[in-house]
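Have a look at coords.cif below; it lists mmCIF, C-alpha atoms.
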```
data_coords
loop_
_atom_site.label_atom_id
_atom_site.label_comp_id
_atom_site.auth_asym_id
_atom_site.auth_seq_id
_atom_site.Cartn_x
_atom_site.Cartn_y
_atom_site.Cartn_z
CA MET I 2 -0.26 -124.46 -22.66
CA SER I 3 -1.67 -122.29 -25.36
CA TRP I 4 -3.08 -118.63 -24.70
CA PRO I 5 -6.88 -118.67 -24.60
CA GLY I 6 -7.21 -115.26 -26.25
CA VAL I 7 -8.81 -111.94 -25.23
CA PRO I 8 -11.47 -111.85 -24.02
CA PHE I 9 -11.62 -115.31 -22.65
CA LYS I 10 -14.41 -117.02 -20.81
CA LEU I 11 -13.78 -117.14 -17.08
CA LEU I 12 -17.00 -119.01 -16.43
CA ASP I 13 -19.38 -120.83 -18.61
CA ALA I 14 -22.71 -119.27 -19.44
CA GLY I 15 -24.70 -121.88 -17.63
CA ASN I 16 -22.82 -121.44 -14.45
CA VAL I 17 -23.40 -117.70 -14.50
CA GLU I 18 -27.12 -118.05 -14.83
CA GLN I 19 -27.20 -120.51 -11.95
CA LEU I 20 -25.22 -118.08 -9.80
CA PHE I 21 -27.69 -115.19 -10.42
CA LEU I 22 -30.60 -117.50 -9.78
CA LYS I 23 -29.23 -118.51 -6.42
CA LEU I 24 -28.50 -114.97 -5.39
CA SER I 25 -31.97 -113.78 -6.35
CA SER I 26 -33.61 -116.42 -4.23
CA LEU I 27 -31.89 -115.38 -1.01
CA PRO I 28 -34.34 -114.12 1.71
CA LYS I 29 -34.48 -110.46 2.83
CA LEU I 30 -33.06 -109.79 6.25
CA THR I 31 -34.61 -107.02 8.47
CA ILE I 32 -32.52 -105.67 11.36
CA ASP I 33 -34.46 -103.80 14.07
CA SER I 34 -32.38 -101.27 15.99
CA PRO I 35 -33.43 -98.38 18.36
CA THR I 36 -33.54 -94.72 17.07
CA ASP I 37 -30.16 -92.97 17.58
CA TYR I 38 -31.07 -89.41 18.66
CA ASN I 39 -27.46 -88.55 19.33
CA GLN I 40 -26.70 -89.10 15.71
CA LEU I 41 -29.65 -86.92 14.79
CA ALA I 42 -28.50 -84.18 17.14
CA LEU I 43 -25.02 -84.39 15.78
CA THR I 44 -26.40 -84.19 12.28
CA VAL I 45 -28.59 -81.22 13.12
CA GLY I 46 -25.75 -79.59 15.00
CA ALA I 47 -23.38 -80.20 12.17
CA THR I 48 -25.91 -78.82 9.73
CA PHE I 49 -26.52 -75.75 11.93
CA LEU I 50 -22.81 -75.17 12.37
CA GLY I 51 -22.32 -75.70 8.67
CA GLY I 52 -24.86 -72.96 7.94
CA LEU I 53 -23.82 -70.70 10.84
CA ILE I 54 -20.15 -70.52 9.97
CA PRO I 55 -20.72 -69.26 6.39
CA ALA I 56 -23.34 -66.88 7.77
CA LEU I 57 -20.86 -65.51 10.31
CA ILE I 58 -18.21 -65.29 7.64
CA ALA I 59 -20.66 -63.47 5.35
CA TRP I 60 -21.76 -61.14 8.19
CA ARG I 61 -18.17 -60.45 9.08
CA THR I 62 -17.38 -59.77 5.45
CA PHE I 63 -20.36 -57.40 5.10
CA TYR I 64 -19.45 -55.68 8.39
CA VAL I 65 -15.84 -55.18 7.39
CA ASN I 66 -16.86 -54.02 3.91
CA ALA I 67 -19.40 -51.59 5.38
CA LYS I 68 -16.80 -50.31 7.85
CA ASN I 69 -14.25 -49.91 5.04
CA VAL I 70 -16.82 -48.19 2.85
CA LYS I 71 -17.76 -45.83 5.71
CA LYS I 72 -14.09 -45.15 6.39
CA GLU I 73 -13.43 -44.53 2.69
CA ARG I 74 -16.48 -42.25 2.55
CA GLN I 75 -15.22 -40.32 5.58
CA GLU I 76 -11.78 -40.10 4.02
CA GLN I 77 -13.34 -38.88 0.79
CA GLN I 78 -15.42 -36.33 2.69
CA ARG I 79 -12.35 -35.11 4.57
CA PHE I 80 -10.42 -34.97 1.30
CA LEU I 81 -13.26 -33.14 -0.43
CA LYS I 82 -13.63 -30.80 2.53
CA ALA I 83 -9.90 -30.08 2.51
CA GLU I 84 -9.97 -29.56 -1.25
CA ARG I 85 -13.02 -27.32 -0.91
CA SER I 86 -11.25 -25.31 1.78
CA LYS I 87 -8.18 -25.02 -0.44
CA GLN I 88 -10.36 -23.96 -3.35
CA GLN I 89 -12.15 -21.40 -1.17
CA ILE I 90 -8.83 -20.04 0.09
CA PHE I 91 -7.53 -19.93 -3.48
CA MET I 92 -10.71 -18.25 -4.71
CA MET I 93 -10.59 -15.77 -1.82
CA SER I 94 -6.95 -15.08 -2.63
CA GLU I 95 -7.80 -14.65 -6.29
CA ARG I 96 -10.72 -12.38 -5.43
CA ALA I 97 -8.54 -10.37 -3.08
CA SER I 98 -5.89 -10.12 -5.79
CA GLN I 99 -8.51 -9.12 -8.35
CA PHE I 100 -10.00 -6.62 -5.92
CA ALA I 101 -6.56 -5.16 -5.21
CA SER I 102 -5.85 -5.02 -8.92
CA MET I 103 -9.21 -3.38 -9.60
CA LYS I 104 -8.56 -0.94 -6.76
CA GLU I 105 -5.15 -0.07 -8.20
CA ASP I 106 -6.71 0.33 -11.64
CA ARG I 107 -9.42 2.60 -10.23
CA GLU I 108 -6.86 4.65 -8.33
CA MET I 109 -4.71 4.91 -11.44
CA GLN I 110 -7.71 5.91 -13.54
CA LEU I 111 -8.73 8.40 -10.87
CA SER I 112 -5.21 9.80 -10.80
CA ILE I 113 -5.14 10.05 -14.59
CA SER I 114 -8.58 11.68 -14.61
CA GLN I 115 -7.54 14.08 -11.87
CA LYS I 116 -4.38 15.02 -13.74
CA THR I 117 -6.40 15.47 -16.92
CA ILE I 118 -8.85 17.73 -15.11
CA ASN I 119 -5.99 19.59 -13.48
CA ALA I 120 -4.25 20.01 -16.83
CA GLN I 121 -7.42 21.15 -18.59
CA VAL I 122 -9.06 23.27 -15.89
CA ILE I 123 -7.06 23.85 -12.74
CA SER I 124 -3.72 24.41 -14.44
CA VAL I 125 -5.27 26.89 -16.85
CA ASN I 126 -6.89 28.76 -13.98
CA ARG I 127 -3.65 28.68 -11.99
CA GLN I 128 -1.73 30.10 -14.94
CA LYS I 129 -4.28 32.89 -15.18
CA TRP I 130 -3.95 33.46 -11.43
CA ILE I 131 -0.16 33.69 -11.76
CA ALA I 132 -0.51 36.20 -14.58
CA ASP I 133 -3.07 38.26 -12.63
CA VAL I 134 -0.95 38.36 -9.46
CA ARG I 135 2.15 39.32 -11.44
CA GLU I 136 0.26 42.10 -13.23
CA ASN I 137 -1.35 43.41 -10.02
CA ILE I 138 1.96 43.47 -8.13
CA ALA I 139 3.66 45.27 -11.00
CA GLU I 140 0.86 47.83 -11.16
CA PHE I 141 0.98 48.30 -7.38
CA CYS I 142 4.71 49.02 -7.49
CA SER I 143 4.18 51.40 -10.39
CA LEU I 144 1.43 53.19 -8.46
CA ALA I 145 3.78 53.48 -5.47
CA PHE I 146 6.20 55.53 -7.58
CA ASP I 147 3.32 57.51 -9.11
CA HIS I 148 2.04 58.22 -5.61
CA HIS I 149 5.55 59.35 -4.67
CA ASN I 150 5.61 61.83 -7.54
CA ASP I 151 2.05 63.00 -6.86
CA ARG I 152 2.94 63.49 -3.21
CA ILE I 153 5.88 65.66 -4.21
CA ASP I 154 3.64 67.81 -6.44
CA TYR I 155 1.08 67.98 -3.66
CA LEU I 156 3.62 69.26 -1.12
CA ILE I 157 5.04 71.81 -3.56
CA HIS I 158 1.62 73.19 -4.60
CA GLU I 159 0.42 73.12 -1.02
CA ARG I 160 3.34 75.43 -0.06
CA ALA I 161 2.71 77.61 -3.11
CA MET I 162 -0.97 77.95 -2.24
CA ASN I 163 -0.14 78.86 1.36
CA LEU I 164 2.31 81.55 0.15
CA GLU I 165 -0.23 82.99 -2.29
CA SER I 166 -2.84 82.96 0.45
CA GLU I 167 -0.56 85.00 2.70
CA ASN I 168 0.28 87.41 -0.15
CA PHE I 169 -3.43 87.74 -0.95
CA LYS I 170 -4.13 88.70 2.63
CA LYS I 171 -1.20 91.11 2.71
CA SER I 172 -2.40 92.83 -0.51
CA ASN I 173 -5.70 93.54 1.18
CA TYR I 174 -7.36 91.03 -1.10
CA SER I 175 -6.45 92.75 -4.37
CA GLU I 176 -7.82 91.38 -7.61
CA ASP I 177 -4.37 90.58 -9.02
CA MET I 178 -3.37 88.57 -5.98
CA LYS I 179 -6.78 86.94 -5.95
CA VAL I 180 -6.20 85.55 -9.42
CA ARG I 181 -2.81 84.19 -8.43
CA TYR I 182 -4.25 82.70 -5.24
CA GLU I 183 -7.12 81.04 -7.10
CA LYS I 184 -4.70 79.55 -9.67
CA ALA I 185 -2.45 78.22 -6.89
CA ALA I 186 -5.49 76.80 -5.08
CA ASP I 187 -6.73 75.19 -8.29
CA ASP I 188 -3.33 73.55 -8.90
CA TYR I 189 -3.24 72.36 -5.28
CA THR I 190 -6.72 70.85 -5.63
CA LYS I 191 -5.70 68.96 -8.76
CA CYS I 192 -2.59 67.57 -7.07
CA LEU I 193 -4.66 66.58 -4.04
CA GLU I 194 -7.15 64.71 -6.23
CA ARG I 195 -4.34 62.90 -8.07
CA THR I 196 -2.78 61.93 -4.76
CA ARG I 197 -6.08 60.64 -3.42
CA THR I 198 -6.81 58.73 -6.64
CA THR I 199 -3.37 57.12 -6.65
CA ARG I 200 -3.70 56.17 -2.98
CA SER I 201 -7.19 54.77 -3.60
CA ASN I 202 -5.93 52.68 -6.52
CA MET I 203 -3.07 51.35 -4.39
CA ASP I 204 -5.51 50.34 -1.63
CA LYS I 205 -7.77 48.61 -4.11
CA LEU I 206 -4.88 46.65 -5.64
CA LYS I 207 -3.57 45.77 -2.19
CA PHE I 208 -6.90 44.30 -1.15
CA LEU I 209 -7.28 42.48 -4.48
CA ILE I 210 -3.80 40.93 -4.17
CA LEU I 211 -4.36 39.86 -0.55
CA LEU I 212 -7.71 38.27 -1.39
CA SER I 213 -6.09 36.21 -4.14
CA LEU I 214 -3.43 34.80 -1.78
CA ASN I 215 -3.61 32.09 0.85
CA HIS I 216 -3.92 33.82 4.20
CA GLU I 217 -2.39 30.81 6.03
CA GLU I 218 0.94 31.11 4.21
CA LYS I 219 3.65 33.23 5.77
CA GLU I 220 4.49 34.77 2.38
CA THR I 221 1.05 36.39 2.36
CA HIS I 222 1.79 38.24 5.58
CA GLU I 223 5.19 39.28 4.26
CA ILE I 224 3.61 40.62 1.07
CA HIS I 225 1.03 42.51 3.13
CA SER I 226 3.72 44.08 5.31
CA SER I 227 5.82 45.05 2.28
CA MET I 228 2.90 46.74 0.49
CA HIS I 229 1.93 48.61 3.63
CA ALA I 230 5.51 49.78 4.03
CA LEU I 231 5.51 51.14 0.46
CA GLN I 232 2.42 53.19 1.20
CA LEU I 233 3.88 54.60 4.41
CA LEU I 234 7.17 55.56 2.74
CA VAL I 235 5.45 58.13 0.55
CA ASN I 236 4.04 59.89 3.59
CA THR I 237 7.55 60.45 4.99
CA LEU I 238 8.35 63.08 2.37
CA ILE I 239 9.13 66.45 3.99
CA ILE I 240 9.35 69.88 2.32
CA ASP I 241 11.39 72.83 3.57
CA ASN I 242 9.03 75.80 3.79
CA GLU I 243 11.95 78.24 3.69
CA THR I 244 13.53 77.01 0.46
CA GLY I 245 10.60 75.13 -1.05
CA MET I 246 12.79 72.09 -1.60
CA LEU I 247 12.13 68.53 -0.41
CA LYS I 248 14.53 67.47 2.33
CA ASN I 249 14.52 63.66 2.01
CA VAL I 250 13.33 62.95 -1.52
CA THR I 251 16.48 61.01 -2.40
CA GLU I 252 16.34 58.84 0.71
CA VAL I 253 12.65 58.09 0.31
CA TYR I 254 13.07 57.22 -3.36
CA SER I 255 15.95 54.85 -2.54
CA GLU I 256 13.94 53.15 0.22
CA LEU I 257 11.02 52.91 -2.19
CA ILE I 258 13.18 51.00 -4.67
CA ASP I 259 14.53 48.66 -1.97
CA GLN I 260 11.07 47.92 -0.57
CA SER I 261 9.60 47.29 -4.03
CA ASN I 262 12.44 44.86 -4.82
CA LYS I 263 11.82 43.06 -1.56
CA LEU I 264 8.13 42.78 -2.42
CA MET I 265 8.90 41.35 -5.86
CA ASP I 266 11.35 38.80 -4.41
CA ILE I 267 8.64 37.44 -2.10
CA VAL I 268 6.12 37.33 -4.94
CA ARG I 269 8.63 35.52 -7.18
CA MET I 270 8.91 32.68 -4.64
CA VAL I 271 5.13 32.32 -4.49
CA LEU I 272 4.75 32.38 -8.26
CA LYS I 273 7.62 29.92 -8.75
CA ARG I 274 5.99 27.46 -6.37
CA GLU I 275 2.68 27.79 -8.15
CA TRP I 276 4.35 27.37 -11.53
CA GLU I 277 5.94 24.10 -10.38
CA ARG I 278 2.47 22.86 -9.47
CA VAL I 279 1.27 23.85 -12.93
CA LYS I 280 4.02 21.75 -14.54
CA LEU I 281 3.08 18.78 -12.35
CA CYS I 282 -0.60 19.21 -13.23
CA GLU I 283 -1.60 19.38 -9.58
#
```
What's the structure tokens form of this structure?
Amino acid sequence: MSWPGVPFKLLDAGNVEQLFLKLSSLPKLTIDSPTDYNQLALTVGATFLGGLIPALIAWRTFYVNAKNVKKERQEQQRFLKAERSKQQIFMMSERASQFASMKEDREMQLSISQKTINAQVISVNRQKWIADVRENIAEFCSLAFDHHNDRIDYLIHERAMNLESENFKKSNYSEDMKVRYEKAADDYTKCLERTRTTRSNMDKLKFLILLSLNHEEKETHEIHSSMHALQLLVNTLIIDNETGMLKNVTEVYSELIDQSNKLMDIVRMVLKREWERVKLCE
């Protein structure tokens, strides 16, 4: 049997047309059946569930996203708050450090300015004060020895005047004795004036020195006592009316030297302390 080829005719053309004609002439069949509400309900329910489930999923998704966003926002706010607190603490620390640095700079500048002022004004005045105290103490000591010598002359001329006065009376007030008495009285008056002037100058220097010292320091009281002792020493001189010689001139002079040295030692300590302050520009 030979192969019919491709494509091959399964049916003849006439048979096909007859088959379509027969099928087209078949009657329409109508089947009446009651309405199935259960199917409708199932359909509606399925449709509702089909829409509800995505809606619930979407709502759940939005809810979770909103919750996560709120949580992230809260975390960000806490982070920002913590960072802000750290920044504030850092800024406060920096400000405190800057303030401390500025305070130290101001104190240093104030110290430098104070030292400059001390060096330019106070130190100069203190040096002048040291020089004035040294000069006044030296002059006071010198006046103490001058007062000693004037006191000796005063005692000698006082005795001479008293002797001439007695001789003048014994001579029945003769002219010759009157001249001698008047000369002795004139010499006595001059010695008395010198003694008073020297004593007055010593008092003035003593007051000037004490006013220039700090009354609260113990050295001031020691200086005062030493100067007063120098003045009293001169008054201890005694003359022998029989011989006209001074009895204790050597002892008084020696005590005068010792007391003046003691006074200068105290003053040296005060001046040394002040000179150290000058070198430190205080």
Do you know which residues are at most 9 Å from Met178 (chain I) counting only C-alpha atoms, after dropping those on the same chain fewer than 3 positions away, and could you put them as a list in words?
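Residues near the query, excluding close chain neighbours: Glu165, Ser166, Asn168, Phe169, Lys170, Ser172, Tyr174, Ser175, Arg181, Tyr182 and Glu183 of chain I.
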Can those selected residues be exported to a file as a PDB file, in the frame of the given file so that it contains C-alpha atoms?
```pdb
ATOM      1  CA  GLU I 165      -0.230  82.990  -2.290  1.00  0.00           C
ATOM      2  CA  SER I 166      -2.840  82.960   0.450  1.00  0.00           C
ATOM      3  CA  ASN I 168       0.280  87.410  -0.150  1.00  0.00           C
ATOM      4  CA  PHE I 169      -3.430  87.740  -0.950  1.00  0.00           C
ATOM      5  CA  LYS I 170      -4.130  88.700   2.630  1.00  0.00           C
ATOM      6  CA  SER I 172      -2.400  92.830  -0.510  1.00  0.00           C
ATOM      7  CA  TYR I 174      -7.360  91.030  -1.100  1.00  0.00           C
ATOM      8  CA  SER I 175      -6.450  92.750  -4.370  1.00  0.00           C
ATOM      9  CA  ARG I 181      -2.810  84.190  -8.430  1.00  0.00           C
ATOM     10  CA  TYR I 182      -4.250  82.700  -5.240  1.00  0.00           C
ATOM     11  CA  GLU I 183      -7.120  81.040  -7.100  1.00  0.00           C
TER      12      GLU I 183
END
```
Which is closer to Arg200 (chain I) than all the others in I:Cys142, I:Ile258, I:Val253, I:Ile157, using all atoms listed in the file?
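Smallest separation from Arg200 (chain I) among the options: I:Cys142.
CA of Val134 (chain I) is found 16.5 Å from CA of Ser226 (chain I).
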Provide the CA of Ala185 (chain I) to CA of Ala161 (chain I) distance in Å, to one decimal place.
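Atom-to-atom, CA of Ala185 (chain I) to CA of Ala161 (chain I), that is 6.4 Å.
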Measuring atom to atom with only C-alpha atoms, identify which of I:His225, I:Ala56, I:Glu176, I:Ile153 is nearest to Thr251 (chain I).
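Of the candidates, the smallest distance to Thr251 (chain I) is held by I:Ile153.
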Do you know which residues are at most 12 Å from Leu233 (chain I) counting only C-alpha atoms, after dropping those on the same chain fewer than 3 positions away, and could you put them as JSON, numbers by chain?
{"I": [145, 148, 149, 152, 200, 203, 204, 226, 227, 228, 229, 230, 236, 237, 238, 253, 256, 257, 260]}
What separates CA of Lys171 (chain I) and CA of Leu247 (chain I) is a distance of 26.4 Å
If you count all atoms listed in the file, which residues fall within 12 Å of region 207-212 of chain I, apart from same-chain ones fewer than 5 positions away, as a PyMOL selection string?
chain I and resi 130-142+144-145+200-202+217-218+220-232+268
Using only C-alpha atoms, find the one residue out of I:Val125, I:Val235, I:Ala67, I:Met93 that sits nearest to Glu275 (chain I).
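Among I:Val125, I:Val235, I:Ala67, I:Met93, it is I:Val125 that comes nearest to Glu275 (chain I).
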